[in-house]
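Just below is one structure, and these are the notes that go with it.
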Amino acid sequence: QVHLVESGGGLVQAGGSLRLSCASSGRTFSCYAMGWFRQAPGTEREFVATISYIGGRMYYADSVKDRFTISRDNAKNTVYLQMNSLKPEDKAVYYCAAAGGVYQTGSTKGNEYAYWGQGTQVTVSS
């Protein structure tokens with residue numbers, strides 16, 4: 001069974017930074033693409049960033065490009081989301097997700113991920 005546990009959320013002022021972490025267990029982490037999604041109250045879940053299984057390919061939503069950075073440490077079975085220049089509209093619950101199939105390059109579509117964490121709240125004050 002795959003388990004994903006996010007951490008690092010919290011309250012930050014606009015313009016500040018946070019780093020989210022997602023620790024994975026239950027299978028060979030380095031074989032699977034990972035993604036970050038977020039959901040604000042009253043809205044649908046939206047794609048934030050994805051990284052390929054080996055970490056060489058990353059893709060971002062336009063709304064976070066040049067502010068957020070996704071990375072992974074396969075030795076630590078962990079994927080990260082560095083969030084800089086945070087805006088009030090970045091407030092949401094952030095979820096990490098793991099692909100179901102091996103050796104993928106990552107996806108923007110939530111239904112292509114088989115496993116999800118419980119989420120971590122990010123709040124940005126203006």
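All residue names refer to the structure tokens as shown: chains lettered A, B, ... in order, residues numbered from 1 in each chain, ligands numbered from 1 in order.
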
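Every protein, DNA or RNA residue with an atom at most 12 Å from Ile54 (chain A), where only C-alpha atoms count and chain neighbours fewer than 6 positions away do not, is listed here: A:Thr28, A:Phe29, A:Ser30, A:Cys31, A:Tyr32, A:Ala33, A:Met34, A:Ser71, A:Arg72, A:Asp73, A:Asn74, A:Ala75, A:Asn77, A:Val79, A:Val102, A:Tyr103, A:Gln104, A:Thr105, A:Gly106.
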
Point to revise | Expected answer as number ranges by chain: strand (DSSP E or B) residues in chain A | key: A: 3-7, 10-13, 18-25, 34-39, 46-51, 58-60, 68-73, 78-83, 92-99, 113-116, 120-125

Might you pull out every residue within 12 Å of region 37-45 of chain A, with only C-alpha atoms counted and same-chain residues fewer than 2 positions away left off, and present them as a compact mmCIF listing (two decimals) with all heavy atoms, in the first residue's frame?
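Output (selection_21.txt):
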```txt
# COMPACT_ATOMS: atom_id res chain seq x y z
N GLU A 6 1.97 14.65 3.37
CA GLU A 6 2.43 16.01 3.14
C GLU A 6 2.74 16.72 4.45
O GLU A 6 2.13 16.41 5.48
CB GLU A 6 1.38 16.84 2.37
CG GLU A 6 0.97 16.28 1.03
CD GLU A 6 -0.33 15.54 1.09
OE1 GLU A 6 -0.65 15.01 2.17
OE2 GLU A 6 -1.03 15.48 0.06
N GLY A 9 2.87 22.95 5.31
CA GLY A 9 1.91 24.01 5.13
C GLY A 9 1.86 24.94 6.34
O GLY A 9 2.48 24.67 7.37
N LEU A 20 6.75 22.80 0.81
CA LEU A 20 5.96 21.61 1.13
C LEU A 20 6.80 20.37 0.84
O LEU A 20 7.59 20.34 -0.11
CB LEU A 20 4.68 21.56 0.30
CG LEU A 20 3.77 22.79 0.38
CD1 LEU A 20 2.50 22.54 -0.45
CD2 LEU A 20 3.43 23.14 1.80
N MET A 34 5.44 12.21 -9.97
CA MET A 34 4.72 12.79 -8.84
C MET A 34 4.12 14.12 -9.26
O MET A 34 4.60 14.77 -10.20
CB MET A 34 5.66 13.01 -7.66
CG MET A 34 6.33 11.76 -7.13
SD MET A 34 5.18 10.63 -6.35
CE MET A 34 4.66 11.59 -4.92
N GLY A 35 3.10 14.52 -8.55
CA GLY A 35 2.47 15.79 -8.85
C GLY A 35 1.98 16.49 -7.60
O GLY A 35 1.83 15.86 -6.54
N PHE A 47 -4.44 21.49 -10.98
CA PHE A 47 -3.06 21.08 -11.14
C PHE A 47 -2.12 22.22 -10.75
O PHE A 47 -2.38 23.39 -11.06
CB PHE A 47 -2.81 20.67 -12.59
CG PHE A 47 -1.37 20.56 -12.96
CD1 PHE A 47 -0.62 19.46 -12.56
CD2 PHE A 47 -0.75 21.54 -13.71
CE1 PHE A 47 0.71 19.36 -12.90
CE2 PHE A 47 0.57 21.45 -14.07
CZ PHE A 47 1.31 20.36 -13.66
N VAL A 48 -1.01 21.88 -10.10
CA VAL A 48 0.00 22.87 -9.74
C VAL A 48 1.32 22.56 -10.45
O VAL A 48 1.87 23.41 -11.15
CB VAL A 48 0.22 22.91 -8.22
CG1 VAL A 48 1.37 23.87 -7.88
CG2 VAL A 48 -1.05 23.32 -7.50
N ALA A 49 1.85 21.36 -10.25
CA ALA A 49 3.16 21.01 -10.81
C ALA A 49 3.30 19.50 -10.86
O ALA A 49 2.66 18.78 -10.11
CB ALA A 49 4.28 21.61 -9.97
N THR A 50 4.16 19.06 -11.78
CA THR A 50 4.45 17.63 -11.88
C THR A 50 5.93 17.43 -12.20
O THR A 50 6.58 18.33 -12.78
CB THR A 50 3.58 16.96 -12.95
OG1 THR A 50 3.80 15.55 -12.94
CG2 THR A 50 3.87 17.49 -14.34
N TYR A 60 4.59 23.11 -15.00
CA TYR A 60 3.86 23.92 -14.02
C TYR A 60 2.60 24.51 -14.62
O TYR A 60 2.54 24.81 -15.82
CB TYR A 60 4.77 25.06 -13.54
CG TYR A 60 6.04 24.60 -12.88
CD1 TYR A 60 7.20 24.43 -13.61
CD2 TYR A 60 6.06 24.35 -11.51
CE1 TYR A 60 8.38 24.00 -13.00
CE2 TYR A 60 7.23 23.92 -10.88
CZ TYR A 60 8.38 23.76 -11.63
OH TYR A 60 9.53 23.34 -11.03
N ALA A 61 1.65 24.76 -13.74
CA ALA A 61 0.50 25.56 -14.13
C ALA A 61 0.97 26.99 -14.38
O ALA A 61 1.91 27.47 -13.73
CB ALA A 61 -0.55 25.54 -13.03
N SER A 63 -0.30 29.67 -13.51
CA SER A 63 -0.52 30.53 -12.34
C SER A 63 0.63 30.48 -11.34
O SER A 63 0.75 31.37 -10.50
CB SER A 63 -1.83 30.15 -11.64
OG SER A 63 -1.80 28.79 -11.24
N VAL A 64 1.47 29.44 -11.41
CA VAL A 64 2.56 29.32 -10.44
C VAL A 64 3.93 29.34 -11.10
O VAL A 64 4.95 29.34 -10.39
CB VAL A 64 2.40 28.05 -9.58
CG1 VAL A 64 1.02 27.99 -8.94
CG2 VAL A 64 2.68 26.79 -10.40
N ILE A 70 9.11 22.47 -8.27
CA ILE A 70 8.94 21.09 -7.82
C ILE A 70 10.27 20.37 -7.96
O ILE A 70 11.02 20.59 -8.93
CB ILE A 70 7.83 20.36 -8.62
CG1 ILE A 70 7.52 19.00 -8.00
CG2 ILE A 70 8.19 20.25 -10.09
CD1 ILE A 70 6.29 18.32 -8.60
N LEU A 81 7.76 20.96 -2.92
CA LEU A 81 7.21 22.09 -3.67
C LEU A 81 7.67 23.36 -2.97
O LEU A 81 7.18 23.68 -1.89
CB LEU A 81 5.69 22.04 -3.77
CG LEU A 81 5.07 23.12 -4.66
CD1 LEU A 81 5.43 22.86 -6.13
CD2 LEU A 81 3.56 23.18 -4.49
N PRO A 88 -2.27 35.81 -2.02
CA PRO A 88 -3.49 35.36 -1.33
C PRO A 88 -4.27 34.31 -2.14
O PRO A 88 -4.87 33.41 -1.55
CB PRO A 88 -4.30 36.65 -1.16
CG PRO A 88 -3.25 37.71 -1.07
CD PRO A 88 -2.16 37.28 -2.02
N GLU A 89 -4.21 34.40 -3.44
CA GLU A 89 -4.93 33.43 -4.27
C GLU A 89 -4.28 32.04 -4.29
O GLU A 89 -4.85 31.11 -4.85
CB GLU A 89 -5.09 33.94 -5.71
CG GLU A 89 -3.81 34.40 -6.36
CD GLU A 89 -3.65 35.92 -6.27
OE1 GLU A 89 -3.90 36.49 -5.19
OE2 GLU A 89 -3.23 36.52 -7.29
N ASP A 90 -3.10 31.92 -3.68
CA ASP A 90 -2.47 30.60 -3.56
C ASP A 90 -3.03 29.82 -2.37
O ASP A 90 -2.70 28.64 -2.19
CB ASP A 90 -0.96 30.73 -3.38
CG ASP A 90 -0.28 31.29 -4.61
OD1 ASP A 90 -0.64 30.88 -5.73
OD2 ASP A 90 0.62 32.14 -4.46
N LYS A 91 -3.87 30.47 -1.57
CA LYS A 91 -4.46 29.80 -0.41
C LYS A 91 -5.29 28.61 -0.87
O LYS A 91 -6.18 28.73 -1.70
CB LYS A 91 -5.34 30.77 0.38
CG LYS A 91 -6.07 30.11 1.53
CD LYS A 91 -6.98 31.09 2.25
CE LYS A 91 -7.79 30.40 3.34
NZ LYS A 91 -8.68 31.34 4.05
N ALA A 92 -4.98 27.44 -0.29
CA ALA A 92 -5.67 26.20 -0.67
C ALA A 92 -5.14 25.06 0.18
O ALA A 92 -4.14 25.22 0.90
CB ALA A 92 -5.44 25.88 -2.16
N VAL A 93 -5.79 23.93 0.07
CA VAL A 93 -5.22 22.69 0.57
C VAL A 93 -4.39 22.10 -0.57
O VAL A 93 -4.90 21.95 -1.69
CB VAL A 93 -6.30 21.70 1.02
CG1 VAL A 93 -5.65 20.39 1.48
CG2 VAL A 93 -7.13 22.30 2.15
N TYR A 94 -3.15 21.78 -0.28
CA TYR A 94 -2.24 21.25 -1.28
C TYR A 94 -2.09 19.74 -1.08
O TYR A 94 -1.84 19.28 0.04
CB TYR A 94 -0.88 21.94 -1.19
CG TYR A 94 -0.89 23.33 -1.78
CD1 TYR A 94 -1.56 24.37 -1.15
CD2 TYR A 94 -0.26 23.59 -2.99
CE1 TYR A 94 -1.60 25.64 -1.70
CE2 TYR A 94 -0.27 24.86 -3.55
CZ TYR A 94 -0.95 25.88 -2.90
OH TYR A 94 -0.98 27.14 -3.46
N TYR A 95 -2.22 19.03 -2.20
CA TYR A 95 -2.14 17.58 -2.18
C TYR A 95 -1.00 17.10 -3.06
O TYR A 95 -0.82 17.60 -4.18
CB TYR A 95 -3.43 16.96 -2.71
CG TYR A 95 -4.67 17.30 -1.93
CD1 TYR A 95 -5.43 18.41 -2.25
CD2 TYR A 95 -5.08 16.50 -0.86
CE1 TYR A 95 -6.58 18.72 -1.53
CE2 TYR A 95 -6.23 16.80 -0.14
CZ TYR A 95 -6.96 17.92 -0.48
OH TYR A 95 -8.10 18.22 0.24
N CYS A 96 -0.26 16.10 -2.58
CA CYS A 96 0.67 15.46 -3.50
C CYS A 96 0.02 14.18 -4.01
O CYS A 96 -0.87 13.61 -3.36
CB CYS A 96 2.03 15.20 -2.86
SG CYS A 96 2.14 13.78 -1.79
N ALA A 97 0.46 13.77 -5.17
CA ALA A 97 -0.13 12.62 -5.83
C ALA A 97 0.97 11.82 -6.52
O ALA A 97 1.95 12.40 -6.99
CB ALA A 97 -1.18 13.06 -6.84
N ALA A 98 0.75 10.52 -6.60
CA ALA A 98 1.72 9.63 -7.21
C ALA A 98 1.08 8.89 -8.38
O ALA A 98 -0.05 8.41 -8.28
CB ALA A 98 2.26 8.64 -6.19
N SER A 107 1.97 14.25 -15.35
CA SER A 107 0.72 14.63 -16.00
C SER A 107 0.06 15.78 -15.27
O SER A 107 0.24 15.95 -14.06
CB SER A 107 -0.22 13.43 -16.03
OG SER A 107 -1.49 13.80 -16.54
N THR A 108 -0.73 16.55 -16.01
CA THR A 108 -1.51 17.63 -15.40
C THR A 108 -2.90 17.14 -14.98
O THR A 108 -3.65 17.89 -14.38
CB THR A 108 -1.68 18.78 -16.39
OG1 THR A 108 -2.43 18.32 -17.51
CG2 THR A 108 -0.33 19.31 -16.87
N LYS A 109 -3.24 15.92 -15.32
CA LYS A 109 -4.58 15.40 -15.08
C LYS A 109 -4.64 14.58 -13.80
O LYS A 109 -3.94 13.59 -13.64
CB LYS A 109 -5.02 14.54 -16.27
CG LYS A 109 -5.03 15.29 -17.58
CD LYS A 109 -5.39 14.38 -18.74
CE LYS A 109 -5.37 15.12 -20.06
NZ LYS A 109 -5.67 14.24 -21.21
N GLY A 110 -5.53 14.95 -12.92
CA GLY A 110 -5.64 14.26 -11.66
C GLY A 110 -6.01 12.80 -11.78
O GLY A 110 -5.58 11.99 -10.97
N ASN A 111 -6.79 12.46 -12.79
CA ASN A 111 -7.21 11.07 -12.91
C ASN A 111 -6.11 10.15 -13.41
O ASN A 111 -6.32 8.94 -13.54
CB ASN A 111 -8.45 10.96 -13.81
CG ASN A 111 -8.22 11.46 -15.21
OD1 ASN A 111 -7.08 11.74 -15.59
ND2 ASN A 111 -9.27 11.59 -15.98
N TYR A 113 -3.34 9.97 -11.69
CA TYR A 113 -2.61 9.67 -10.46
C TYR A 113 -3.41 8.66 -9.65
O TYR A 113 -4.61 8.80 -9.51
CB TYR A 113 -2.36 10.94 -9.65
CG TYR A 113 -1.41 11.88 -10.34
CD1 TYR A 113 -1.85 12.80 -11.28
CD2 TYR A 113 -0.05 11.84 -10.06
CE1 TYR A 113 -0.97 13.64 -11.94
CE2 TYR A 113 0.84 12.69 -10.70
CZ TYR A 113 0.37 13.58 -11.64
OH TYR A 113 1.25 14.43 -12.28
N TRP A 116 -2.98 9.52 -3.40
CA TRP A 116 -3.06 10.91 -2.95
C TRP A 116 -2.76 10.99 -1.46
O TRP A 116 -3.10 10.09 -0.70
CB TRP A 116 -4.46 11.47 -3.21
CG TRP A 116 -4.79 11.56 -4.66
CD1 TRP A 116 -5.22 10.56 -5.49
CD2 TRP A 116 -4.68 12.73 -5.47
NE1 TRP A 116 -5.38 11.03 -6.76
CE2 TRP A 116 -5.06 12.36 -6.79
CE3 TRP A 116 -4.29 14.05 -5.23
CZ2 TRP A 116 -5.07 13.28 -7.85
CZ3 TRP A 116 -4.31 14.95 -6.28
CH2 TRP A 116 -4.69 14.57 -7.58
N GLY A 117 -2.15 12.10 -1.08
CA GLY A 117 -1.95 12.37 0.33
C GLY A 117 -3.19 12.99 0.94
O GLY A 117 -4.19 13.23 0.25
N GLN A 118 -3.09 13.30 2.22
CA GLN A 118 -4.24 13.84 2.94
C GLN A 118 -4.37 15.34 2.79
O GLN A 118 -5.40 15.91 3.15
CB GLN A 118 -4.15 13.46 4.43
CG GLN A 118 -3.28 14.37 5.28
CD GLN A 118 -1.79 14.22 5.00
OE1 GLN A 118 -1.36 13.28 4.32
NE2 GLN A 118 -0.99 15.12 5.56
N GLY A 119 -3.34 15.98 2.31
CA GLY A 119 -3.36 17.41 2.08
C GLY A 119 -2.76 18.21 3.22
O GLY A 119 -2.74 17.77 4.37
N THR A 120 -2.26 19.38 2.88
CA THR A 120 -1.73 20.31 3.87
C THR A 120 -2.22 21.70 3.52
O THR A 120 -2.22 22.10 2.36
CB THR A 120 -0.19 20.25 3.93
OG1 THR A 120 0.28 21.06 5.01
CG2 THR A 120 0.47 20.70 2.64
N GLN A 121 -2.67 22.43 4.53
CA GLN A 121 -3.28 23.75 4.32
C GLN A 121 -2.21 24.81 4.15
O GLN A 121 -1.28 24.90 4.96
CB GLN A 121 -4.18 24.11 5.49
CG GLN A 121 -4.80 25.49 5.42
CD GLN A 121 -5.88 25.58 4.35
OE1 GLN A 121 -6.78 24.76 4.29
NE2 GLN A 121 -5.81 26.61 3.50
N VAL A 122 -2.37 25.63 3.14
CA VAL A 122 -1.54 26.82 2.93
C VAL A 122 -2.45 28.03 2.96
O VAL A 122 -3.42 28.10 2.20
CB VAL A 122 -0.78 26.74 1.59
CG1 VAL A 122 -0.09 28.08 1.29
CG2 VAL A 122 0.24 25.62 1.63
N THR A 123 -2.14 28.97 3.83
CA THR A 123 -2.92 30.20 3.95
C THR A 123 -1.97 31.37 3.76
O THR A 123 -0.92 31.44 4.40
CB THR A 123 -3.61 30.29 5.30
OG1 THR A 123 -4.46 29.15 5.48
CG2 THR A 123 -4.45 31.56 5.40
N VAL A 124 -2.36 32.29 2.90
CA VAL A 124 -1.54 33.47 2.59
C VAL A 124 -2.34 34.71 2.96
O VAL A 124 -3.42 34.94 2.39
CB VAL A 124 -1.14 33.50 1.11
CG1 VAL A 124 -0.20 34.69 0.85
CG2 VAL A 124 -0.48 32.20 0.69
```

**Study point:** Sel. of helix (DSSP H, G or I) residues, region 89-119 of chain A, as a PyMOL selection string
**Key:** chain A and resi 89-90+110-112

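Those residues that approach Tyr115 (chain A) to within 8 Å, counting only C-alpha atoms, are A:Val2, A:His3, A:Leu4, A:Ala97, A:Ala98, A:Ala99, A:Gly100; same-chain residues fewer than 3 positions away are not listed.
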
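The two atoms in question, CA of Ser17 (chain A) and CA of Arg67 (chain A), are spaced 9.5 Å apart.
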